[in-house]
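Novice: File final29.txt below, compact mmCIF, C-alpha atoms:
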```txt
# COMPACT_ATOMS: atom_id res chain seq x y z
CA MET A 1349 -27.28 85.76 -149.59
CA SER A 1350 -28.76 82.75 -151.40
CA ASP A 1351 -31.22 80.90 -149.18
CA GLU A 1352 -29.23 77.73 -149.88
CA ARG A 1353 -26.19 79.32 -148.19
CA ASP A 1354 -28.03 81.12 -145.43
CA PRO A 1355 -26.88 79.91 -141.98
CA SER A 1356 -29.29 82.13 -140.05
CA PRO A 1357 -30.34 82.04 -137.30
CA TYR A 1358 -26.86 80.68 -136.54
CA ASP A 1359 -23.93 83.06 -136.28
CA ALA A 1360 -21.22 80.49 -135.38
CA LEU A 1361 -20.41 76.80 -135.42
CA LEU A 1362 -18.79 75.14 -132.40
CA LEU A 1363 -16.85 71.89 -132.77
CA LEU A 1364 -17.36 70.04 -129.48
CA SER A 1365 -14.95 67.20 -128.69
CA PHE A 1366 -13.50 65.06 -125.93
CA GLY A 1367 -10.00 66.52 -125.69
CA GLY A 1368 -6.71 64.83 -124.97
CA PRO A 1369 -3.27 65.43 -123.46
CA GLU A 1370 -0.57 67.08 -125.55
CA GLY A 1371 2.46 66.09 -123.48
CA PRO A 1372 3.52 63.79 -120.60
CA ASP A 1373 2.73 66.39 -117.93
CA ASP A 1374 -0.84 66.63 -119.22
CA VAL A 1375 -1.74 62.94 -118.93
CA VAL A 1376 -2.66 62.60 -115.25
CA PRO A 1377 -4.48 65.98 -115.04
CA PHE A 1378 -6.39 65.06 -118.21
CA LEU A 1379 -7.42 61.69 -116.79
CA ALA A 1380 -8.40 63.41 -113.54
CA ASN A 1381 -10.77 65.57 -115.59
CA VAL A 1382 -12.20 62.53 -117.37
CA THR A 1383 -12.80 60.65 -114.12
CA ARG A 1384 -13.76 63.60 -111.90
CA GLY A 1385 -16.11 62.63 -109.09
CA ARG A 1386 -15.24 58.93 -109.13
CA GLY A 1387 -12.58 59.09 -106.41
CA ILE A 1388 -9.86 57.38 -108.48
CA PRO A 1389 -6.41 57.79 -106.86
CA GLU A 1390 -3.52 59.38 -108.75
CA GLU A 1391 -1.51 56.13 -108.81
CA ARG A 1392 -4.35 54.43 -110.67
CA LEU A 1393 -4.52 57.32 -113.12
CA LYS A 1394 -0.81 56.88 -113.82
CA GLU A 1395 -1.42 53.20 -114.57
CA VAL A 1396 -4.29 54.04 -116.92
CA GLY A 1397 -2.12 56.71 -118.55
CA GLN A 1398 0.44 54.18 -119.79
CA HIS A 1399 -1.32 54.06 -123.13
CA TYR A 1400 -0.63 57.77 -123.55
CA PHE A 1401 2.94 57.56 -122.24
CA LEU A 1402 3.71 54.98 -124.96
CA PHE A 1403 3.09 57.77 -127.46
CA GLY A 1404 4.97 60.53 -125.67
CA GLY A 1405 1.95 61.54 -123.61
CA VAL A 1406 0.25 62.96 -126.69
CA SER A 1407 -3.21 62.01 -127.89
CA PRO A 1408 -3.71 62.57 -131.61
CA ILE A 1409 -7.27 63.85 -131.10
CA ASN A 1410 -6.42 67.54 -130.65
CA GLU A 1411 -4.28 67.72 -133.78
CA GLN A 1412 -6.99 65.85 -135.71
CA ASN A 1413 -9.55 68.39 -134.52
CA ARG A 1414 -7.31 71.24 -135.69
CA THR A 1415 -7.14 69.58 -139.10
CA LEU A 1416 -10.92 69.18 -139.15
CA LEU A 1417 -11.33 72.86 -138.21
CA ASP A 1418 -9.16 73.82 -141.17
CA ALA A 1419 -11.19 71.54 -143.47
CA LEU A 1420 -14.48 73.04 -142.25
CA ARG A 1421 -13.25 76.60 -142.68
CA GLU A 1422 -11.94 75.81 -146.17
CA ASP A 1423 -15.21 74.16 -147.20
CA PHE A 1424 -17.29 77.02 -145.81
CA ALA A 1425 -15.18 79.59 -147.66
CA GLU A 1426 -15.36 77.66 -150.93
CA HIS A 1427 -19.15 77.58 -150.71
CA GLY A 1428 -19.65 81.18 -149.70
CA LEU A 1429 -20.70 80.38 -146.16
CA ASP A 1430 -19.54 83.23 -143.93
CA LEU A 1431 -19.67 81.61 -140.51
CA PRO A 1432 -16.90 81.45 -137.89
CA VAL A 1433 -15.90 77.99 -136.64
CA HIS A 1434 -14.72 77.59 -133.03
CA TRP A 1435 -13.64 74.60 -130.94
CA GLY A 1436 -14.14 73.51 -127.35
CA ASN A 1437 -13.36 70.29 -125.45
CA ARG A 1438 -14.97 68.44 -122.59
CA ASN A 1439 -11.77 67.42 -120.80
CA TRP A 1440 -8.81 69.50 -122.02
CA SER A 1441 -7.78 72.77 -123.54
CA PRO A 1442 -9.38 74.49 -125.35
CA TYR A 1443 -12.14 73.99 -122.78
CA LEU A 1444 -15.80 74.28 -123.74
CA THR A 1445 -16.58 77.02 -121.21
CA ASP A 1446 -13.69 79.14 -122.49
CA ALA A 1447 -14.84 78.68 -126.09
CA LEU A 1448 -18.42 79.68 -125.24
CA ARG A 1449 -17.19 82.68 -123.23
CA GLU A 1450 -15.13 83.85 -126.20
CA LEU A 1451 -18.14 83.46 -128.50
CA THR A 1452 -20.40 85.29 -126.05
CA LEU A 1453 -18.01 88.21 -125.62
CA ALA A 1454 -17.72 88.44 -129.41
CA GLY A 1455 -21.48 88.93 -129.61
CA HIS A 1456 -22.63 85.55 -130.91
CA ARG A 1457 -26.19 84.72 -129.88
CA ARG A 1458 -27.14 81.45 -131.66
CA ILE A 1459 -24.57 78.70 -132.03
CA ALA A 1460 -24.81 75.38 -133.89
CA VAL A 1461 -22.81 72.61 -132.21
CA LEU A 1462 -21.20 69.62 -133.93
CA ALA A 1463 -20.12 66.90 -131.50
CA THR A 1464 -17.35 64.54 -132.64
CA SER A 1465 -19.58 61.55 -131.87
CA ALA A 1466 -21.87 60.27 -134.59
CA TYR A 1467 -24.14 57.93 -132.64
CA ALA A 1468 -26.74 58.02 -129.88
CA SER A 1469 -25.55 57.16 -126.36
CA TYR A 1470 -25.23 58.84 -122.99
CA SER A 1471 -21.48 59.49 -123.32
CA GLY A 1472 -21.72 60.34 -127.03
CA CYS A 1473 -24.67 62.73 -126.87
CA ARG A 1474 -26.46 63.39 -123.55
CA GLN A 1475 -23.20 63.97 -121.66
CA TYR A 1476 -22.10 66.57 -124.23
CA ARG A 1477 -25.48 68.27 -123.76
CA GLU A 1478 -24.87 68.25 -120.01
CA ASN A 1479 -21.44 69.79 -120.60
CA LEU A 1480 -23.09 72.53 -122.65
CA ALA A 1481 -25.61 73.21 -119.87
CA ASP A 1482 -22.81 73.36 -117.28
CA SER A 1483 -20.83 75.84 -119.37
CA LEU A 1484 -23.84 78.05 -120.05
CA ALA A 1485 -24.62 78.07 -116.33
CA ALA A 1486 -21.01 79.04 -115.57
CA LEU A 1487 -21.25 82.00 -117.96
CA THR A 1488 -24.51 83.09 -116.36
CA ALA A 1489 -22.82 82.95 -112.95
CA GLU A 1490 -20.13 85.27 -114.34
CA GLY A 1491 -22.81 87.83 -115.19
CA LEU A 1492 -22.84 87.10 -118.94
CA SER A 1493 -25.90 86.47 -121.07
CA PRO A 1494 -24.98 83.20 -122.80
CA PRO A 1495 -26.11 82.34 -126.33
CA ARG A 1496 -28.54 79.62 -127.33
CA VAL A 1497 -26.87 76.43 -128.50
CA ASP A 1498 -28.38 73.80 -130.84
CA LYS A 1499 -26.67 70.46 -131.30
CA LEU A 1500 -26.70 69.21 -134.90
CA ARG A 1501 -28.33 65.82 -135.44
CA HIS A 1502 -26.54 62.47 -135.41
CA TYR A 1503 -24.73 61.95 -138.70
CA PHE A 1504 -23.85 58.24 -138.54
CA ASN A 1505 -25.79 57.52 -141.75
CA HIS A 1506 -24.96 60.68 -143.70
CA PRO A 1507 -23.24 59.83 -147.03
CA GLY A 1508 -20.39 62.21 -146.16
CA PHE A 1509 -19.62 60.07 -143.12
CA VAL A 1510 -20.28 56.63 -144.65
CA ARG A 1511 -18.63 56.93 -148.06
CA PRO A 1512 -15.11 57.76 -146.80
CA MET A 1513 -15.27 54.62 -144.65
CA VAL A 1514 -16.30 52.54 -147.67
CA ASP A 1515 -13.23 53.82 -149.51
CA GLY A 1516 -11.11 53.04 -146.46
CA VAL A 1517 -12.24 49.41 -146.49
CA LEU A 1518 -11.59 49.09 -150.21
CA LYS A 1519 -8.07 50.46 -149.72
CA SER A 1520 -7.38 48.09 -146.82
CA LEU A 1521 -8.63 45.09 -148.77
CA ALA A 1522 -6.31 46.04 -151.63
CA GLU A 1523 -3.39 46.05 -149.18
CA LEU A 1524 -4.01 42.44 -148.11
CA PRO A 1525 -2.13 39.64 -149.90
CA ALA A 1526 -4.01 38.83 -153.10
CA GLU A 1527 -4.38 35.17 -152.20
CA VAL A 1528 -6.44 35.93 -149.05
CA ARG A 1529 -8.16 39.18 -150.05
CA SER A 1530 -11.48 37.75 -151.18
CA ASP A 1531 -11.74 35.67 -148.00
CA ALA A 1532 -11.25 38.59 -145.62
CA HIS A 1533 -13.75 39.16 -142.84
CA LEU A 1534 -14.80 42.69 -141.92
CA ALA A 1535 -14.70 43.48 -138.18
CA PHE A 1536 -16.63 46.72 -137.62
CA THR A 1537 -15.44 48.18 -134.33
CA THR A 1538 -16.84 50.73 -131.91
CA HIS A 1539 -16.43 51.69 -128.28
CA SER A 1540 -17.88 49.16 -125.86
CA ILE A 1541 -20.27 50.67 -123.33
CA PRO A 1542 -22.22 49.11 -120.43
CA ARG A 1543 -25.16 47.09 -121.70
CA SER A 1544 -27.46 49.15 -119.48
CA ALA A 1545 -26.32 52.33 -121.24
CA ALA A 1546 -26.71 50.73 -124.68
CA ASP A 1547 -30.21 49.45 -123.87
CA THR A 1548 -31.42 52.95 -122.97
CA SER A 1549 -29.69 54.79 -125.82
CA GLY A 1550 -31.77 56.85 -128.21
CA PRO A 1551 -35.41 57.92 -127.81
CA VAL A 1552 -37.55 55.89 -125.41
CA ALA A 1553 -39.31 54.13 -128.31
CA GLU A 1554 -35.94 52.68 -129.37
CA HIS A 1555 -34.90 51.41 -125.95
CA GLY A 1556 -34.37 47.67 -125.67
CA ASP A 1557 -31.66 45.16 -126.47
CA GLY A 1558 -28.71 47.36 -127.45
CA GLY A 1559 -30.95 50.38 -128.03
CA ALA A 1560 -30.25 52.94 -130.74
CA TYR A 1561 -26.49 52.64 -130.15
CA VAL A 1562 -26.25 49.09 -131.44
CA ARG A 1563 -28.99 49.55 -134.03
CA GLN A 1564 -27.26 52.55 -135.60
CA HIS A 1565 -23.86 50.85 -135.73
CA LEU A 1566 -25.36 47.74 -137.33
CA ASP A 1567 -27.02 49.87 -139.99
CA VAL A 1568 -23.75 51.61 -140.84
CA ALA A 1569 -21.85 48.31 -140.92
CA ARG A 1570 -24.45 46.89 -143.28
CA LEU A 1571 -24.25 49.95 -145.53
CA ILE A 1572 -20.47 49.65 -145.80
CA ALA A 1573 -20.48 45.88 -146.34
CA ASP A 1574 -23.14 46.22 -149.06
CA ALA A 1575 -21.20 49.00 -150.80
CA VAL A 1576 -18.00 46.94 -150.72
CA ARG A 1577 -19.87 43.96 -152.19
CA GLU A 1578 -21.28 46.12 -154.98
CA GLU A 1579 -17.84 47.46 -155.90
CA THR A 1580 -15.81 44.26 -155.54
CA GLY A 1581 -18.34 41.55 -156.30
CA VAL A 1582 -17.36 39.84 -153.03
CA ALA A 1583 -19.74 39.44 -150.09
CA HIS A 1584 -17.31 39.64 -147.19
CA PRO A 1585 -18.58 38.16 -143.91
CA TRP A 1586 -18.85 40.83 -141.22
CA ARG A 1587 -19.63 41.41 -137.57
CA LEU A 1588 -19.99 44.35 -135.20
CA VAL A 1589 -17.40 44.06 -132.41
CA TYR A 1590 -16.24 46.26 -129.57
CA GLN A 1591 -13.09 47.75 -128.07
CA SER A 1592 -11.79 49.98 -125.27
CA ARG A 1593 -13.78 48.51 -122.39
CA SER A 1594 -12.85 50.30 -119.17
CA GLY A 1595 -15.46 49.29 -116.57
CA ALA A 1596 -15.54 47.00 -113.59
CA PRO A 1597 -15.44 43.28 -114.53
CA HIS A 1598 -18.78 42.50 -112.87
CA ILE A 1599 -20.71 45.03 -115.00
CA PRO A 1600 -21.92 43.64 -118.37
CA TRP A 1601 -20.50 45.56 -121.33
CA LEU A 1602 -21.12 45.11 -125.05
CA GLU A 1603 -19.19 42.17 -126.56
CA PRO A 1604 -17.31 40.57 -128.25
CA ASP A 1605 -14.03 42.39 -127.82
CA VAL A 1606 -12.13 42.87 -131.07
CA CYS A 1607 -9.14 40.80 -129.91
CA ASP A 1608 -11.40 37.95 -128.85
CA HIS A 1609 -13.10 38.18 -132.23
CA LEU A 1610 -9.77 37.90 -134.06
CA GLU A 1611 -9.02 34.74 -132.07
CA GLU A 1612 -12.44 33.34 -133.00
CA LEU A 1613 -11.86 34.11 -136.67
CA HIS A 1614 -8.48 32.41 -136.59
CA SER A 1615 -9.90 29.33 -134.84
CA ALA A 1616 -12.66 29.13 -137.44
CA GLY A 1617 -10.14 29.14 -140.29
CA ALA A 1618 -10.52 32.73 -141.49
CA ARG A 1619 -7.65 33.75 -143.75
CA ALA A 1620 -7.66 37.54 -143.24
CA ALA A 1621 -9.57 40.43 -141.72
CA VAL A 1622 -10.03 44.17 -141.98
CA MET A 1623 -10.81 46.15 -138.82
CA VAL A 1624 -13.17 49.03 -139.60
CA PRO A 1625 -13.47 51.62 -136.77
CA ILE A 1626 -16.93 52.92 -137.64
CA GLY A 1627 -17.53 54.22 -134.11
CA PHE A 1628 -14.81 56.87 -134.23
CA VAL A 1629 -14.62 60.10 -136.19
CA SER A 1630 -10.82 60.26 -136.08
CA ASP A 1631 -7.73 58.21 -135.22
CA HIS A 1632 -7.58 59.15 -131.56
CA MET A 1633 -5.89 57.19 -128.78
CA GLU A 1634 -8.40 54.35 -128.60
CA VAL A 1635 -7.83 53.65 -132.29
CA LEU A 1636 -4.08 54.15 -132.05
CA TYR A 1637 -3.63 51.85 -129.05
CA ASP A 1638 -6.54 49.39 -128.98
CA LEU A 1639 -6.46 48.66 -132.70
CA ASP A 1640 -3.09 49.69 -134.13
CA THR A 1641 -1.16 48.37 -131.12
CA GLU A 1642 -3.10 45.71 -129.20
CA ALA A 1643 -5.28 44.20 -131.92
CA LEU A 1644 -2.56 44.17 -134.58
CA ALA A 1645 -0.22 42.54 -132.07
CA LYS A 1646 -2.87 39.87 -131.45
CA ALA A 1647 -3.23 39.34 -135.21
CA ALA A 1648 0.54 38.96 -135.60
CA GLU A 1649 0.58 36.45 -132.74
CA LEU A 1650 -2.12 34.45 -134.51
CA GLY A 1651 -0.47 34.74 -137.92
CA LEU A 1652 -3.67 36.29 -139.27
CA PRO A 1653 -3.23 38.94 -141.99
CA VAL A 1654 -5.12 42.02 -140.74
CA ARG A 1655 -5.39 45.62 -141.89
CA ARG A 1656 -7.06 48.56 -140.19
CA SER A 1657 -9.05 50.91 -142.38
CA ALA A 1658 -9.06 54.68 -141.94
CA THR A 1659 -11.48 56.76 -139.94
CA VAL A 1660 -13.24 59.70 -141.59
CA GLY A 1661 -11.03 62.37 -140.00
CA ALA A 1662 -10.95 65.58 -142.00
CA ASP A 1663 -12.06 64.03 -145.30
CA PRO A 1664 -13.48 66.83 -147.51
CA ARG A 1665 -16.70 64.84 -147.91
CA PHE A 1666 -17.19 64.90 -144.15
CA ALA A 1667 -16.55 68.64 -144.03
CA ALA A 1668 -19.17 69.04 -146.77
CA ALA A 1669 -21.57 66.88 -144.74
CA VAL A 1670 -21.15 69.19 -141.73
CA ARG A 1671 -21.99 72.17 -143.93
CA GLU A 1672 -25.07 70.36 -145.23
CA LEU A 1673 -26.17 69.45 -141.69
CA LEU A 1674 -25.73 73.04 -140.56
CA LEU A 1675 -27.68 74.54 -143.48
CA GLU A 1676 -30.38 71.88 -143.15
CA ARG A 1677 -30.89 72.73 -139.48
CA ALA A 1678 -30.77 76.46 -140.18
CA ALA A 1679 -33.47 76.18 -142.84
CA THR A 1680 -35.59 74.06 -140.49
CA GLU A 1681 -35.24 76.69 -137.75
CA ARG A 1682 -36.44 79.31 -140.26
CA GLY A 1683 -39.56 77.23 -140.87
CA ARG A 1684 -38.60 75.72 -144.21
CA SER A 1685 -39.22 72.11 -145.20
CA VAL A 1686 -35.92 70.57 -146.33
CA GLU A 1687 -34.70 67.22 -147.59
CA ARG A 1688 -32.73 65.49 -144.83
CA CYS A 1689 -29.98 63.32 -146.26
CA ALA A 1690 -29.57 59.82 -144.77
CA LEU A 1691 -28.65 56.35 -146.00
CA GLY A 1692 -29.83 52.98 -144.75
CA SER A 1693 -33.02 51.86 -143.05
CA LEU A 1694 -33.16 54.20 -140.05
CA GLY A 1695 -33.66 57.55 -141.74
CA PRO A 1696 -32.43 60.93 -140.49
CA SER A 1697 -32.10 61.41 -136.76
CA HIS A 1698 -34.04 63.94 -134.71
CA ASP A 1699 -32.92 67.56 -134.37
CA LEU A 1700 -34.05 67.89 -130.78
CA CYS A 1701 -33.27 65.09 -128.34
CA PRO A 1702 -36.63 64.02 -126.85
CA ILE A 1703 -37.35 63.57 -123.17
CA GLY A 1704 -35.96 60.23 -121.95
CA CYS A 1705 -33.38 60.00 -124.74
CA CYS A 1706 -30.09 58.45 -123.51
CA PRO A 1707 -30.94 59.12 -119.85
CA ALA A 1708 -28.28 60.01 -117.31
CA ARG A 1709 -27.54 57.80 -114.32
CA ALA A 1710 -28.52 60.74 -112.13
CA PRO A 1711 -30.69 63.57 -113.51
CA ARG A 1712 -28.68 66.61 -114.61
CA PRO A 1713 -29.60 69.64 -116.72
CA ALA A 1714 -28.80 69.27 -120.42
CA ALA A 1715 -28.91 71.87 -123.18
CA ALA A 1716 -30.25 71.45 -126.72
CA GLY A 1717 -33.02 69.00 -125.92
CA ALA A 1718 -36.77 68.85 -125.46
CA ASP A 1719 -36.18 68.93 -121.71
CA SER A 1720 -33.98 72.04 -121.89
CA PRO A 1721 -35.20 75.48 -120.68
CA CYS A 1722 -34.59 77.14 -124.07
CA ALA A 1723 -35.81 74.26 -126.26
```
Could you spell out this file's structure in structure tokens?

Specialist:
Amino acid sequence: MSDERDPSPYDALLLLSFGGPEGPDDVVPFLANVTRGRGIPEERLKEVGQHYFLFGGVSPINEQNRTLLDALREDFAEHGLDLPVHWGNRNWSPYLTDALRELTLAGHRRIAVLATSAYASYSGCRQYRENLADSLAALTAEGLSPPRVDKLRHYFNHPGFVRPMVDGVLKSLAELPAEVRSDAHLAFTTHSIPRSAADTSGPVAEHGDGGAYVRQHLDVARLIADAVREETGVAHPWRLVYQSRSGAPHIPWLEPDVCDHLEELHSAGARAAVMVPIGFVSDHMEVLYDLDTEALAKAAELGLPVRRSATVGADPRFAAAVRELLLERAATERGRSVERCALGSLGPSHDLCPIGCCPARAPRPAAAGADSPCA
């Protein structure tokens, strides 16, 4: 095998995602999984689940992951990369522990893991590492000898993630009425998280106001806005905004909310806007409801022309980026020095999460980090 296509020491890739219900009967049990340990009553879960019930109780995330799996397998085959691709979820079937058990029983001993979260944060990185540690411990308790797992680095600034979003913005701008197109504002959206979690995101050296979470999103937004300006000749005003807040009102979360931002734009005389969900890999429920339903309804109420650009999803360029990330990490693990592809001012992210990176509220074991037993 050519060294450029050599995935060793890895013998499998695991797609690790959040999961979502696939029918009305799944909604409350799914939300119970998401909120386990918080003591939230079933009646409250039913209220929260209304967003899912509006769409038949089905989240699009699982089907989008199946499409991404197909894209990864197709890309691997086209490039002569003989590596099985599996899938496991944090909160719904197929569950992570089941996926790792299947891989273990099939004889896999070193697994690369791609999480469907591109940025540094507790919920987007450390918690997935905790999930991995929990699943590996469960397999050990069953008498199995679990494999080693390595989480691939953050890919927020990889060209295969950024360029599809640039094209999505260009397409959305073209869909706006011609008379307001050049005046459109770009609202880059991501999931709001508690300010305390944002401030401690990323390695300790990056902790501070907004931490790595905000810094990384701002860098991606700037990359996209600059690329759009280069291709259209128009410098569209832009701002990073937030969506999907779910915490108690007294706890500070990242702001402004996307709907509040649309109101501000309208009050300031803006003539149009494009919402750009840079914080999400695919069009899952928070995009489908918070943007396509709530935010577009707010825009219609205001009489503000708004379009929502596409997420990366299963774009072939993203599948190619995953292959590149995998082979890059594999070569590094074999002791080779490799070029690490990254756009913007922040450079490529770390392979191994350092101690103190995106700390948990309460200390818990986490795999694939400098503080992990097999690191």

Novice: Take the point (-19.4, 60.4, -128.1) in the file's coordinates, draw a sphere of radius 10 Å around it, and report as a short mmCIF file (atom, residue, chain, number, x, y, z; two decimals) with C-alpha atoms, in the coordinates of the input every protein, DNA or RNA residue with an atom inside or on it, counting only C-alpha atoms.

Specialist:
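Result went into out.cif, see below:
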```
data_model
loop_
_atom_site.label_atom_id
_atom_site.label_comp_id
_atom_site.auth_asym_id
_atom_site.auth_seq_id
_atom_site.Cartn_x
_atom_site.Cartn_y
_atom_site.Cartn_z
CA LEU A 1364 -17.36 70.04 -129.48
CA SER A 1365 -14.95 67.20 -128.69
CA PHE A 1366 -13.50 65.06 -125.93
CA ALA A 1463 -20.12 66.90 -131.50
CA THR A 1464 -17.35 64.54 -132.64
CA SER A 1465 -19.58 61.55 -131.87
CA ALA A 1466 -21.87 60.27 -134.59
CA TYR A 1467 -24.14 57.93 -132.64
CA ALA A 1468 -26.74 58.02 -129.88
CA SER A 1469 -25.55 57.16 -126.36
CA TYR A 1470 -25.23 58.84 -122.99
CA SER A 1471 -21.48 59.49 -123.32
CA GLY A 1472 -21.72 60.34 -127.03
CA CYS A 1473 -24.67 62.73 -126.87
CA ARG A 1474 -26.46 63.39 -123.55
CA GLN A 1475 -23.20 63.97 -121.66
CA TYR A 1476 -22.10 66.57 -124.23
CA HIS A 1539 -16.43 51.69 -128.28
CA GLY A 1627 -17.53 54.22 -134.11
CA PHE A 1628 -14.81 56.87 -134.23
CA VAL A 1629 -14.62 60.10 -136.19
#
```

Novice: May I ask for the distance between CA of Ala1678 in chain A and CA of Glu1554 in chain A, given in Å to one decimal place?

Specialist: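 Answer for the CA of Ala1678 in chain A to CA of Glu1554 in chain A separation: 26.6 Å.
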
Novice: Would you please work out which residue, of A:Thr1680, A:Asn1381, A:Ser1544, A:Thr1488, is nearest to Thr1452 in chain A when using all atoms listed in the file?

Specialist: A:Thr1488

Novice: Please provide the set of residues having any atom within 12 Å of Asp1374 in chain A, restricted to only C-alpha atoms, with same-chain residues fewer than 2 positions apart removed, written as a ChimeraX atom specification.

Specialist: /A:1367-1372,1376-1381,1393-1394,1397,1400-1401,1404-1407,1439-1441

Novice: Produce a file of the selected residues containing C-alpha atoms, as a CSV table (one decimal), in the coordinates of the input.

Specialist:
```csv
chain,number,residue,atom,x,y,z
A,1367,GLY,CA,-10.0,66.5,-125.7
A,1368,GLY,CA,-6.7,64.8,-125.0
A,1369,PRO,CA,-3.3,65.4,-123.5
A,1370,GLU,CA,-0.6,67.1,-125.6
A,1371,GLY,CA,2.5,66.1,-123.5
A,1372,PRO,CA,3.5,63.8,-120.6
A,1376,VAL,CA,-2.7,62.6,-115.2
A,1377,PRO,CA,-4.5,66.0,-115.0
A,1378,PHE,CA,-6.4,65.1,-118.2
A,1379,LEU,CA,-7.4,61.7,-116.8
A,1380,ALA,CA,-8.4,63.4,-113.5
A,1381,ASN,CA,-10.8,65.6,-115.6
A,1393,LEU,CA,-4.5,57.3,-113.1
A,1394,LYS,CA,-0.8,56.9,-113.8
A,1397,GLY,CA,-2.1,56.7,-118.6
A,1400,TYR,CA,-0.6,57.8,-123.6
A,1401,PHE,CA,2.9,57.6,-122.2
A,1404,GLY,CA,5.0,60.5,-125.7
A,1405,GLY,CA,2.0,61.5,-123.6
A,1406,VAL,CA,0.2,63.0,-126.7
A,1407,SER,CA,-3.2,62.0,-127.9
A,1439,ASN,CA,-11.8,67.4,-120.8
A,1440,TRP,CA,-8.8,69.5,-122.0
A,1441,SER,CA,-7.8,72.8,-123.5
```

Novice: Measuring between all atoms listed in the file, which one of A:Gly1695, A:Pro1408, A:Pro1713, A:Gly1559 shows the shortest distance to His1506 in chain A?

Specialist: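 With all atoms listed in the file as the atom set, the closest residue is A:Gly1695.
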
Novice: Set the distance at 12 Å and use all atoms listed in the file: which residues neighbour Ala1569 in chain A once local chain neighbours fewer than 6 positions away are removed? I'd like the list as a ChimeraX atom specification.

Specialist: /A:1504-1505,1510-1511,1513-1514,1517,1534-1538,1562-1563,1575-1576,1584-1589,1623-1627,1691-1693

Novice: Measuring atom to atom with all atoms listed in the file, identify which of A:Asp1699, A:Ala1679, A:Arg1577, A:Tyr1637 is nearest to Leu1402 in chain A.

Specialist: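 Looking only at the distances to Leu1402 in chain A, the closest residue turns out to be A:Tyr1637.
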
Novice: Counting all atoms listed in the file, what is within 8 Å of range 1660-1663 of chain A, bar same-chain residues fewer than 2 positions away, as JSON, numbers by chain?

Specialist: {"A": [1412, 1415, 1416, 1419, 1509, 1512, 1513, 1629, 1630, 1631, 1658, 1665, 1666, 1667]}

Novice: Quick one: of A:Gly1595, A:Pro1432, A:Pro1653, A:Gly1516, who's nearest to Tyr1358 in chain A, counting all atoms listed in the file?

Specialist: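 The answer is A:Pro1432, which sits nearest to Tyr1358 in chain A.
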
Novice: I'd like to know which of A:Gly1387, A:Gly1491, A:Pro1542, A:Pro1442 is closest to Arg1709 in chain A, using all atoms listed in the file.

Specialist: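 Smallest distance to Arg1709 in chain A is found for A:Pro1542.
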
Novice: From the list A:His1502, A:Arg1353, A:Arg1458, A:His1399, which residue is nearest Leu1694 in chain A when using only C-alpha atoms?

Specialist: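 Counting only C-alpha atoms, the residue closest to Leu1694 in chain A is A:His1502.
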
Novice: Find the residues near Ala1596 in chain A: any atom within 12 Å, counting all atoms listed in the file, skip ones fewer than 4 places away on the same chain, and give them as a list of chain:residue names.

Specialist: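 Skipping anything fewer than 4 positions along the chain leaves A:Ile1541, A:Pro1542, A:Pro1600, A:Trp1601.
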
Novice: Please measure the separation of CA of Val1686 in chain A and CA of Asp1574 in chain A, giving the value in Å to one decimal.

Specialist: 27.6 Å
